[in-house]
Every structure is written in structure tokens, then in C-alpha cells.
file my_file-v3.cif (mmCIF, C-alpha atoms and all ligand atoms)
data_protein
#
loop_
_atom_site.label_atom_id
_atom_site.label_comp_id
_atom_site.auth_asym_id
_atom_site.auth_seq_id
_atom_site.Cartn_x
_atom_site.Cartn_y
_atom_site.Cartn_z
CA MET P 1449 39.53 189.74 90.46
CA ALA P 1450 40.88 187.07 88.13
CA ASP P 1451 41.46 183.42 88.95
CA GLN P 1452 44.34 181.43 87.51
CA ALA P 1453 42.52 180.93 84.22
CA GLY P 1454 41.95 184.67 84.01
CA ILE P 1455 38.20 184.40 84.49
CA VAL P 1456 36.86 187.41 86.32
CA ALA P 1457 34.41 186.59 89.09
CA PRO P 1458 32.83 189.41 91.06
CA PRO P 1459 33.21 189.16 94.85
CA PRO P 1460 29.97 188.54 96.76
CA ALA P 1461 28.15 191.38 98.49
CA SER P 1462 29.25 190.12 101.95
CA VAL P 1463 32.86 191.21 101.32
CA SER P 1464 34.75 194.32 100.22
CA VAL P 1465 37.86 194.33 98.05
CA ALA P 1466 40.87 196.06 99.63
CA ARG P 1467 44.31 196.79 98.25
CA VAL P 1468 47.33 195.45 100.15
CA THR P 1469 49.58 198.27 101.43
CA ALA P 1470 52.32 196.35 103.27
CA VAL P 1471 53.62 192.80 103.74
CA LYS P 1472 56.32 191.66 106.14
CA HIS P 1473 57.61 188.13 106.62
CA TYR P 1474 58.91 187.20 110.08
CA THR P 1475 59.78 183.52 109.83
CA ASP P 1476 59.16 180.67 107.40
CA SER P 1477 55.76 180.27 109.03
CA LEU P 1478 54.72 183.80 110.11
CA PHE P 1479 53.92 187.00 108.22
CA ALA P 1480 51.98 190.23 108.65
CA PHE P 1481 50.15 192.35 106.11
CA SER P 1482 48.06 195.50 105.93
CA CYS P 1483 45.39 196.66 103.52
CA GLU P 1484 43.34 199.75 102.91
CA ARG P 1485 40.35 200.08 105.17
CA PRO P 1486 37.20 199.73 103.07
CA ALA P 1487 34.96 202.81 103.21
CA SER P 1488 32.33 202.47 105.96
CA PHE P 1489 34.15 199.53 107.65
CA ARG P 1490 33.74 199.96 111.43
CA PHE P 1491 34.93 197.66 114.22
CA ARG P 1492 35.90 197.67 117.88
CA SER P 1493 39.58 197.22 118.75
CA GLY P 1494 40.18 193.50 119.46
CA GLU P 1495 37.57 192.13 117.04
CA PHE P 1496 38.10 189.70 114.14
CA VAL P 1497 36.79 189.66 110.57
CA MET P 1498 36.73 187.26 107.61
CA ILE P 1499 39.70 187.78 105.25
CA GLY P 1500 40.46 185.97 102.03
CA LEU P 1501 40.97 185.70 98.31
CA MET P 1502 38.80 184.71 95.39
CA ASN P 1503 39.16 181.00 94.62
CA GLY P 1504 37.81 180.65 91.10
CA PRO P 1505 34.21 181.85 91.24
CA LYS P 1506 33.99 181.67 95.04
CA PRO P 1507 35.62 183.56 97.91
CA LEU P 1508 37.89 181.59 100.25
CA LEU P 1509 37.68 183.24 103.66
CA ARG P 1510 39.09 182.65 107.15
CA ALA P 1511 38.64 184.55 110.41
CA TYR P 1512 41.50 186.90 111.27
CA SER P 1513 41.90 189.14 114.30
CA ILE P 1514 42.37 192.74 113.26
CA ALA P 1515 45.81 193.76 114.57
CA SER P 1516 45.35 197.51 114.07
CA PRO P 1517 43.22 199.77 116.29
CA ALA P 1518 39.70 200.95 115.45
CA TRP P 1519 40.91 204.47 114.59
CA ASP P 1520 43.59 203.41 112.09
CA GLU P 1521 43.18 204.09 108.36
CA GLN P 1522 44.67 200.68 107.53
CA LEU P 1523 43.66 197.19 108.59
CA SER P 1524 46.54 194.97 109.73
CA PHE P 1525 46.70 191.20 110.18
CA TYR P 1526 49.20 188.63 111.47
CA SER P 1527 49.11 185.15 110.00
CA ILE P 1528 50.69 181.76 110.05
CA LYS P 1529 51.67 180.14 106.75
CA VAL P 1530 50.29 176.63 106.48
CA PRO P 1531 51.98 174.87 103.52
CA ASP P 1532 48.81 172.92 102.68
CA GLY P 1533 46.41 175.51 104.08
CA PRO P 1534 43.79 176.36 101.43
CA LEU P 1535 44.02 180.11 102.15
CA THR P 1536 47.41 180.77 103.77
CA SER P 1537 49.33 178.76 101.16
CA ARG P 1538 48.20 181.48 98.70
CA LEU P 1539 47.85 184.45 101.06
CA GLN P 1540 51.52 184.20 102.07
CA HIS P 1541 52.48 185.22 98.52
CA ILE P 1542 50.46 188.47 98.42
CA LYS P 1543 52.32 191.64 97.50
CA VAL P 1544 51.72 195.36 97.88
CA GLY P 1545 49.07 196.37 95.36
CA ASP P 1546 47.31 192.97 95.33
CA GLU P 1547 43.67 192.74 96.37
CA VAL P 1548 42.29 190.87 99.38
CA LEU P 1549 38.70 190.32 100.45
CA VAL P 1550 37.53 191.79 103.76
CA GLY P 1551 34.25 190.67 105.36
CA LYS P 1552 31.72 193.31 106.32
CA LYS P 1553 30.81 191.97 109.77
CA PRO P 1554 33.62 192.20 112.33
CA THR P 1555 32.83 190.58 115.70
CA GLY P 1556 34.48 189.06 118.78
CA THR P 1557 34.74 188.94 122.55
CA LEU P 1558 38.23 190.39 123.09
CA VAL P 1559 36.77 193.87 123.48
CA LEU P 1560 36.99 196.26 126.41
CA ASP P 1561 33.20 196.28 126.81
CA ALA P 1562 33.15 192.53 127.63
CA LEU P 1563 35.05 193.18 130.88
CA THR P 1564 33.86 194.89 134.05
CA PRO P 1565 36.05 197.78 135.33
CA GLY P 1566 39.42 196.83 136.83
CA LYS P 1567 42.91 198.16 137.53
CA ARG P 1568 45.32 195.72 135.84
CA LEU P 1569 44.63 194.28 132.41
CA PHE P 1570 46.43 191.06 131.46
CA LEU P 1571 46.54 190.31 127.73
CA VAL P 1572 47.65 186.67 127.54
CA SER P 1573 48.72 185.38 124.12
CA THR P 1574 50.47 182.47 122.47
CA GLY P 1575 51.65 182.36 118.85
CA THR P 1576 49.54 184.48 116.47
CA GLY P 1577 47.14 185.06 119.38
CA VAL P 1578 49.03 188.31 119.98
CA ALA P 1579 47.24 189.90 116.98
CA PRO P 1580 44.08 191.24 118.70
CA PHE P 1581 46.29 192.70 121.44
CA ALA P 1582 48.34 194.56 118.83
CA SER P 1583 45.03 196.37 118.22
CA LEU P 1584 44.11 196.91 121.88
CA ILE P 1585 47.53 198.29 122.92
CA ARG P 1586 47.08 201.12 120.38
CA GLU P 1587 43.52 201.84 121.54
CA PRO P 1588 43.36 204.97 123.77
CA GLU P 1589 40.42 203.58 125.76
CA THR P 1590 42.59 200.68 127.01
CA TYR P 1591 44.70 203.19 128.91
CA GLU P 1592 41.69 205.22 130.06
CA ARG P 1593 40.22 202.08 131.65
CA TYR P 1594 43.34 200.49 133.21
CA GLU P 1595 46.24 201.64 135.38
CA GLU P 1596 48.49 198.85 134.09
CA VAL P 1597 48.44 196.74 130.92
CA ILE P 1598 50.55 193.57 130.88
CA LEU P 1599 50.90 191.76 127.56
CA THR P 1600 52.27 188.22 127.81
CA HIS P 1601 53.42 186.44 124.65
CA THR P 1602 54.56 182.80 124.73
CA CYS P 1603 55.96 180.97 121.71
CA ARG P 1604 58.01 177.88 121.02
CA THR P 1605 61.05 179.89 119.86
CA ALA P 1606 62.38 183.43 120.28
CA ALA P 1607 62.13 184.10 116.51
CA GLU P 1608 58.35 183.90 116.89
CA LEU P 1609 58.39 186.76 119.43
CA VAL P 1610 59.66 189.45 117.03
CA TYR P 1611 56.25 190.65 115.79
CA GLY P 1612 54.96 191.10 119.37
CA ALA P 1613 58.06 193.09 120.37
CA GLU P 1614 57.60 195.31 117.29
CA VAL P 1615 53.95 196.08 117.96
CA VAL P 1616 54.72 196.99 121.58
CA GLU P 1617 57.52 199.30 120.41
CA ALA P 1618 55.15 200.80 117.82
CA ALA P 1619 52.52 201.43 120.53
CA LYS P 1620 55.12 203.21 122.67
CA GLN P 1621 56.13 205.41 119.69
CA ASP P 1622 52.53 205.99 118.58
CA PRO P 1623 51.60 209.70 118.39
CA LEU P 1624 48.15 209.00 119.86
CA VAL P 1625 48.84 206.51 122.68
CA GLY P 1626 52.66 206.53 122.95
CA GLU P 1627 52.85 208.45 126.22
CA GLU P 1628 50.21 206.30 127.95
CA ALA P 1629 51.64 203.07 126.53
CA SER P 1630 55.16 203.98 127.67
CA ALA P 1631 53.86 204.55 131.20
CA LYS P 1632 51.40 201.65 131.51
CA LEU P 1633 52.23 198.87 129.05
CA ARG P 1634 54.64 196.00 129.81
CA LEU P 1635 55.53 193.09 127.58
CA VAL P 1636 56.55 189.76 129.12
CA THR P 1637 57.81 187.07 126.73
CA SER P 1638 58.36 183.41 127.45
CA VAL P 1639 59.65 180.61 125.26
CA THR P 1640 58.97 176.88 125.67
CA ARG P 1641 61.41 175.12 123.32
CA GLU P 1642 64.70 176.96 123.60
CA ALA P 1643 66.67 179.04 126.11
CA HIS P 1644 65.14 182.41 127.05
CA PRO P 1645 65.24 184.69 130.12
CA LEU P 1646 61.75 183.43 131.05
CA GLU P 1647 61.08 179.84 129.99
CA GLY P 1648 57.84 177.90 130.19
CA ARG P 1649 54.16 177.87 129.35
CA ILE P 1650 52.18 180.89 130.60
CA THR P 1651 49.93 178.61 132.66
CA THR P 1652 52.99 177.22 134.48
CA LEU P 1653 54.46 180.71 134.99
CA ILE P 1654 51.20 181.92 136.56
CA GLU P 1655 50.79 178.83 138.73
CA ASN P 1656 54.36 178.75 140.04
CA GLY P 1657 54.45 182.53 140.51
CA ALA P 1658 57.41 183.08 138.14
CA LEU P 1659 55.41 185.59 136.07
CA PHE P 1660 54.71 187.80 139.09
CA GLU P 1661 58.26 187.46 140.38
CA HIS P 1662 59.50 188.53 136.94
CA LEU P 1663 57.12 191.52 136.96
CA GLY P 1664 57.76 192.39 140.60
CA ALA P 1665 53.97 192.48 140.91
CA ALA P 1666 51.21 191.00 143.06
CA PRO P 1667 49.65 187.67 142.01
CA LEU P 1668 46.26 187.47 140.27
CA ASN P 1669 43.36 189.09 142.06
CA PRO P 1670 39.86 188.74 140.57
CA GLU P 1671 38.73 191.95 142.33
CA SER P 1672 41.08 194.25 140.43
CA ASP P 1673 42.59 192.22 137.56
CA ARG P 1674 40.97 191.62 134.19
CA ILE P 1675 42.24 189.05 131.70
CA MET P 1676 41.92 188.59 127.94
CA ILE P 1677 43.27 185.36 126.42
CA CYS P 1678 44.02 184.47 122.80
CA GLY P 1679 45.78 181.29 121.68
CA SER P 1680 45.20 177.73 120.54
CA ALA P 1681 42.21 175.71 121.76
CA ALA P 1682 44.46 173.91 124.26
CA VAL P 1683 45.77 177.19 125.67
CA LEU P 1684 42.26 178.62 125.99
CA GLN P 1685 41.05 175.56 127.85
CA ALA P 1686 44.02 175.55 130.21
CA MET P 1687 43.79 179.30 130.87
CA LYS P 1688 40.01 179.18 131.36
CA THR P 1689 40.42 176.45 133.99
CA LEU P 1690 43.20 178.43 135.66
CA CYS P 1691 41.21 181.70 135.66
CA GLU P 1692 38.11 180.02 137.10
CA ALA P 1693 40.23 178.33 139.80
CA HIS P 1694 41.45 181.83 140.75
CA GLY P 1695 37.87 183.15 141.06
CA PHE P 1696 37.57 184.88 137.67
CA ILE P 1697 34.29 184.73 135.73
CA GLU P 1698 34.08 184.51 131.96
CA GLY P 1699 32.53 187.57 130.33
CA ALA P 1700 30.81 188.26 127.03
CA ASN P 1701 29.56 191.28 125.13
CA SER P 1702 26.09 190.74 126.62
CA GLU P 1703 27.39 190.07 130.13
CA PRO P 1704 30.75 191.66 131.01
CA ALA P 1705 32.80 189.88 133.70
CA SER P 1706 36.46 189.40 134.66
CA PHE P 1707 38.00 187.39 131.79
CA VAL P 1708 37.36 186.72 128.09
CA ILE P 1709 38.81 184.22 125.62
CA GLU P 1710 39.11 183.86 121.86
CA ARG P 1711 40.75 181.24 119.69
CA ALA P 1712 43.70 182.35 117.59
CA PHE P 1713 42.58 181.49 114.11
CA ALA P 1714 44.62 179.29 111.80
CA GLY P 1715 44.47 177.94 108.30
P1 LIG Z 1801 54.79 173.98 124.19
O1 LIG Z 1801 56.00 174.28 123.35
O2 LIG Z 1801 55.15 173.46 125.55
O3 LIG Z 1801 53.76 173.12 123.50
P2 LIG Z 1801 51.74 176.47 119.30
O4 LIG Z 1801 52.89 176.98 118.48
O5 LIG Z 1801 51.60 174.98 119.32
O6 LIG Z 1801 50.44 177.18 119.00
O7 LIG Z 1801 52.09 176.85 120.80
C1 LIG Z 1801 52.31 178.19 121.19
C2 LIG Z 1801 52.75 178.17 122.63
O8 LIG Z 1801 51.65 177.71 123.46
C3 LIG Z 1801 53.91 177.22 122.87
O9 LIG Z 1801 54.88 177.91 123.64
C4 LIG Z 1801 53.26 176.06 123.60
O10 LIG Z 1801 54.10 175.39 124.52
C5 LIG Z 1801 52.14 176.74 124.35
N1 LIG Z 1801 51.09 175.78 124.74
C6 LIG Z 1801 50.60 174.74 124.03
N2 LIG Z 1801 49.63 174.09 124.70
C7 LIG Z 1801 49.48 174.74 125.87
C8 LIG Z 1801 48.62 174.54 127.00
N3 LIG Z 1801 47.72 173.55 127.06
N4 LIG Z 1801 48.74 175.42 128.03
C9 LIG Z 1801 49.64 176.42 127.99
N5 LIG Z 1801 50.47 176.65 126.95
C10 LIG Z 1801 50.41 175.82 125.90
#

call {"tool": "encode", "arguments": {"input": "my_file-v3.cif", "output": "C-alpha cells"}}
result
Amino acid sequence: MADQAGIVAPPPASVSVARVTAVKHYTDSLFAFSCERPASFRFRSGEFVMIGLMNGPKPLLRAYSIASPAWDEQLSFYSIKVPDGPLTSRLQHIKVGDEVLVGKKPTGTLVLDALTPGKRLFLVSTGTGVAPFASLIREPETYERYEEVILTHTCRTAAELVYGAEVVEAAKQDPLVGEEASAKLRLVTSVTREAHPLEGRITTLIENGALFEHLGAAPLNPESDRIMICGSAAVLQAMKTLCEAHGFIEGANSEPASFVIERAFAG
């Protein structure tokens, strides 16, 4: 890889180099991209990995949730564009054929094994926090483990909901999981800063019952519901408090329980 001065610096052994296969821009501040999956790269659907670019002699890496399922030949990601962000200010300009760096150690708690068995799975996301759920809704095991999968996506504006709607549609058309996804997966969108059929923060919609009214479904039940949450630090804190008040217990890889949280990465 060459830096701006054309000096070639080899990437460190902790990362692989992968060629970009697709880029799609959604808004001025949101884009998605895919790259080849490095040989021998293994992960569990819902995990994150370090992604980046060479910055002179050093790699510049940030954590990104992998938005494609564990069986896919490509790795997909969904990112914000931060004008002054050290990585995303450059990453937003990548094109098909460019090279990105992919870390070799995927990890994370938004994995099916961190939850005890249940009937309904709620995937609660805000902003780019929908990315790990784009992976899990194309994972066959999600539908083997749950009777119903409800993905909630809350953003400030409707334009920010387009990626989530596309990945749900893609899951329903998917040759591997399409039939199961069509039968079991529901997407609920809410918007907080403009008019929308369902308006308000997800915490408010759970607390005032509007989410369940909208779904025509029973309210939260810690016996049979399982919850995964991905969003900003403020959203995680608010949802964690809400889940615990409803009798849910936070799980981890080492100790599965009834809900798990992970910060949506930025920068
Ligand atoms: P709001 O517009 O009322 O702040 P962001 O773009 O800042 O990451 O926010 C994504 C979504 O998360 C927005 O719809 C935002 O609502 C919502 N949000 C922000 N803070 C909280 C919180 N503490 N609890 C629930 N939702 C939140």
C-alpha cells in the first residue's frame, strides 16, 4: 500500500489486506462497503472487527460491526462519515478495487451464543447500530433458535432508515434464509426528528406500549423474549436500565442470559 508520498509500507501482521468489491452511499453522512473475505478469516454472525487504511507507515484502524453473515464470501460494513474523523474522512472516498485493512481477531457480544434460549428475539438498533443485525438476520441459526425476530431501527430522519430497509429486504430474498426470514422477521422503524408513521425513541415506544400496539404483540416478557441492543452509549445505557427494570439479565459469551448490548462504533 502506498501513502500520499508514494512510500510503500507493509501492513502489520495483525491485519490482512482486502480488496473493496462494492461501495454505496446513502446520505451525506452514511455509506456501506464490502470487501473480499481474507482467506482463513472466521467470525460469528454479529461480531465486530478492526477495519482501516494505512496512514503513512502505520495502520489506522477502528472497530466495525460486520454486516454480512458468517457464511458469506464477502465482508460488509456500514459506516458514518465524520468530516474530521481520522479514518472515516478517508474511508468514505474508497472505491471498488481499493484495498482496506481487516483485523484478524473478530469479537463481540451480539452473538446468538450469549443469549439463553427464547421464543422472540428483539434486535434493537439506532443509527449505524443496525449493522450487526444485518449479519444476524441472514444467519440461518437465528431462525432455528427463534419463532419471531423483530428488528427495530430508530434514527433522527427517515433518510437514515434506507440501509436497514434494504438489508431486511435482502434477507427476505436471500436464497439461504429468505423463506424463514419472510415468515419470522419483522422490521419496525421509528424516527425522532421528523414525521413518520411511528415517531419517538425506542425506549419511549417500549415504555408507553406503542411498539407492541404497532406490532399487535404482547409486551416484553423476560421468560420468552431475548434482546440484543446496538446504538450510541446513551442508547445502551437507557436500554440496559429499561431491560433490567423489566427483569432481563445481561448476558455475555461466558455467561449467556436474556439481553446483550454493544456500542455502535463511530469515527
Ligand atoms: P433523538 O433524536 O431524540 O436524540 P444519534 O443519531 O444521535 O446516534 O441518534 C440515533 C437515534 O437514537 C435518534 O433517533 C435519537 O433520538 C436516539 N437516542 C439518542 N439518545 C437516546 C437515548 N438516551 N435513549 C433512546 N434513544 C436515544

call {"tool": "closest_residue", "arguments": {"input": "my_file-v3.cif", "among": "P:Ile1654, P:Ala1470, P:Met1676, P:Ala1693", "to": "ligand LIG 1801 (chain Z)", "atoms": "all atoms listed in the file"}}
result
P:Ile1654

call {"tool": "closest_residue", "arguments": {"input": "my_file-v3.cif", "among": "P:Glu1596, P:Glu1608, P:Glu1698, P:Asp1622", "to": "ligand LIG 1801 (chain Z)", "atoms": "all atoms listed in the file"}}
result
P:Glu1608

call {"tool": "residues_around", "arguments": {"input": "my_file-v3.cif", "residues": "Tyr1526 in chain P", "least_positions_apart": "3", "cutoff": "8 Å", "atoms": "only C-alpha atoms", "output": "MDAnalysis selection string"}}
result
chainID P and resid 1478:1481 1512:1513 1515 1576 1579

call {"tool": "closest_residue", "arguments": {"input": "my_file-v3.cif", "among": "P:Thr1652, P:Thr1590, P:Ser1680, P:Thr1564", "to": "Pro1517 in chain P", "atoms": "all atoms listed in the file"}}
result
P:Thr1590

call {"tool": "residues_near_point", "arguments": {"input": "my_file-v3.cif", "point": "(45.4, 183.4, 120.6)", "cutoff": "9 Å", "atoms": "all atoms listed in the file", "output": "compact mmCIF listing (two decimals) with C-alpha atoms, in the frame of the given file"}}
result
# COMPACT_ATOMS: atom_id res chain seq x y z
CA VAL P 1572 47.65 186.67 127.54
CA SER P 1573 48.72 185.38 124.12
CA THR P 1574 50.47 182.47 122.47
CA GLY P 1575 51.65 182.36 118.85
CA THR P 1576 49.54 184.48 116.47
CA GLY P 1577 47.14 185.06 119.38
CA VAL P 1578 49.03 188.31 119.98
CA ALA P 1579 47.24 189.90 116.98
CA PRO P 1580 44.08 191.24 118.70
CA ILE P 1677 43.27 185.36 126.42
CA CYS P 1678 44.02 184.47 122.80
CA GLY P 1679 45.78 181.29 121.68
CA SER P 1680 45.20 177.73 120.54
CA ALA P 1681 42.21 175.71 121.76
CA VAL P 1683 45.77 177.19 125.67
CA LEU P 1684 42.26 178.62 125.99
CA ILE P 1709 38.81 184.22 125.62
CA GLU P 1710 39.11 183.86 121.86
CA ARG P 1711 40.75 181.24 119.69
CA ALA P 1712 43.70 182.35 117.59
CA PHE P 1713 42.58 181.49 114.11

call {"tool": "residues_near_ligand", "arguments": {"input": "my_file-v3.cif", "ligand": "ligand LIG 1801 (chain Z)", "cutoff": "6 Å", "atoms": "all atoms listed in the file", "output": "list in words"}}
result
Thr1574, Gly1575, Thr1602, Cys1603, Arg1604, Val1639, Thr1640, Arg1641, Arg1649, Ile1650, Thr1651, Ser1680, Ala1682, Val1683 and Ala1686 of chain P

call {"tool": "closest_residue", "arguments": {"input": "my_file-v3.cif", "among": "P:Thr1536, P:Ser1516, P:Thr1557, P:Thr1637", "to": "Ala1619 in chain P", "atoms": "all atoms listed in the file"}}
result
P:Ser1516

call {"tool": "atom_distance", "arguments": {"input": "my_file-v3.cif", "atom1": "CA of Leu1539 in chain P", "atom2": "CA of Thr1605 in chain P"}}
result
23.4 Å

call {"tool": "closest_residue", "arguments": {"input": "my_file-v3.cif", "among": "P:Asp1520, P:Asp1673, P:Asp1476, P:Asp1546", "to": "Arg1492 in chain P", "atoms": "all atoms listed in the file"}}
result
P:Asp1520

call {"tool": "atom_distance", "arguments": {"input": "my_file-v3.cif", "atom1": "CA of Asn1669 in chain P", "atom2": "CA of Leu1609 in chain P"}}
result
27.3 Å

call {"tool": "decode", "arguments": {"input": "my_file-v3.cif", "residues": "range 1525-1540 of chain P", "atoms": "N, CA and C atoms", "output": "mmCIF file, in the first residue's frame"}}
result
data_model
loop_
_atom_site.group_PDB
_atom_site.id
_atom_site.type_symbol
_atom_site.label_atom_id
_atom_site.label_comp_id
_atom_site.auth_asym_id
_atom_site.auth_seq_id
_atom_site.Cartn_x
_atom_site.Cartn_y
_atom_site.Cartn_z
ATOM 1 N N PHE P 1525 -19.802 -3.760 5.583
ATOM 2 C CA PHE P 1525 -19.735 -2.813 6.698
ATOM 3 C C PHE P 1525 -20.632 -1.616 6.403
ATOM 4 N N TYR P 1526 -21.085 -0.959 7.478
ATOM 5 C CA TYR P 1526 -21.949 0.221 7.348
ATOM 6 C C TYR P 1526 -21.332 1.294 8.233
ATOM 7 N N SER P 1527 -21.116 2.466 7.666
ATOM 8 C CA SER P 1527 -20.297 3.458 8.384
ATOM 9 C C SER P 1527 -20.883 4.857 8.319
ATOM 10 N N ILE P 1528 -20.622 5.614 9.363
ATOM 11 C CA ILE P 1528 -20.882 7.045 9.279
ATOM 12 C C ILE P 1528 -19.674 7.706 8.605
ATOM 13 N N LYS P 1529 -19.881 8.933 8.131
ATOM 14 C CA LYS P 1529 -18.772 9.727 7.592
ATOM 15 C C LYS P 1529 -18.602 10.897 8.543
ATOM 16 N N VAL P 1530 -17.482 10.926 9.234
ATOM 17 C CA VAL P 1530 -17.211 12.042 10.138
ATOM 18 C C VAL P 1530 -16.243 12.970 9.413
ATOM 19 N N PRO P 1531 -16.651 14.222 9.112
ATOM 20 C CA PRO P 1531 -15.801 15.105 8.300
ATOM 21 C C PRO P 1531 -14.368 15.209 8.831
ATOM 22 N N ASP P 1532 -14.223 15.295 10.161
ATOM 23 C CA ASP P 1532 -12.877 15.399 10.733
ATOM 24 C C ASP P 1532 -12.391 14.069 11.299
ATOM 25 N N GLY P 1533 -13.149 13.002 11.064
ATOM 26 C CA GLY P 1533 -12.768 11.704 11.626
ATOM 27 C C GLY P 1533 -11.493 11.217 10.960
ATOM 28 N N PRO P 1534 -10.489 10.803 11.750
ATOM 29 C CA PRO P 1534 -9.211 10.405 11.156
ATOM 30 C C PRO P 1534 -9.393 9.305 10.103
ATOM 31 N N LEU P 1535 -10.231 8.299 10.407
ATOM 32 C CA LEU P 1535 -10.410 7.206 9.444
ATOM 33 C C LEU P 1535 -11.540 7.496 8.454
ATOM 34 N N THR P 1536 -12.740 7.840 8.956
ATOM 35 C CA THR P 1536 -13.886 7.893 8.026
ATOM 36 C C THR P 1536 -13.792 9.044 7.034
ATOM 37 N N SER P 1537 -13.021 10.100 7.368
ATOM 38 C CA SER P 1537 -12.854 11.178 6.396
ATOM 39 C C SER P 1537 -12.132 10.654 5.145
ATOM 40 N N ARG P 1538 -11.323 9.601 5.312
ATOM 41 C CA ARG P 1538 -10.638 8.989 4.151
ATOM 42 C C ARG P 1538 -11.418 7.782 3.627
ATOM 43 N N LEU P 1539 -11.929 6.983 4.572
ATOM 44 C CA LEU P 1539 -12.608 5.735 4.179
ATOM 45 C C LEU P 1539 -13.824 6.014 3.282
ATOM 46 N N GLN P 1540 -14.477 7.162 3.510
ATOM 47 C CA GLN P 1540 -15.681 7.470 2.718
ATOM 48 C C GLN P 1540 -15.365 7.658 1.233
#
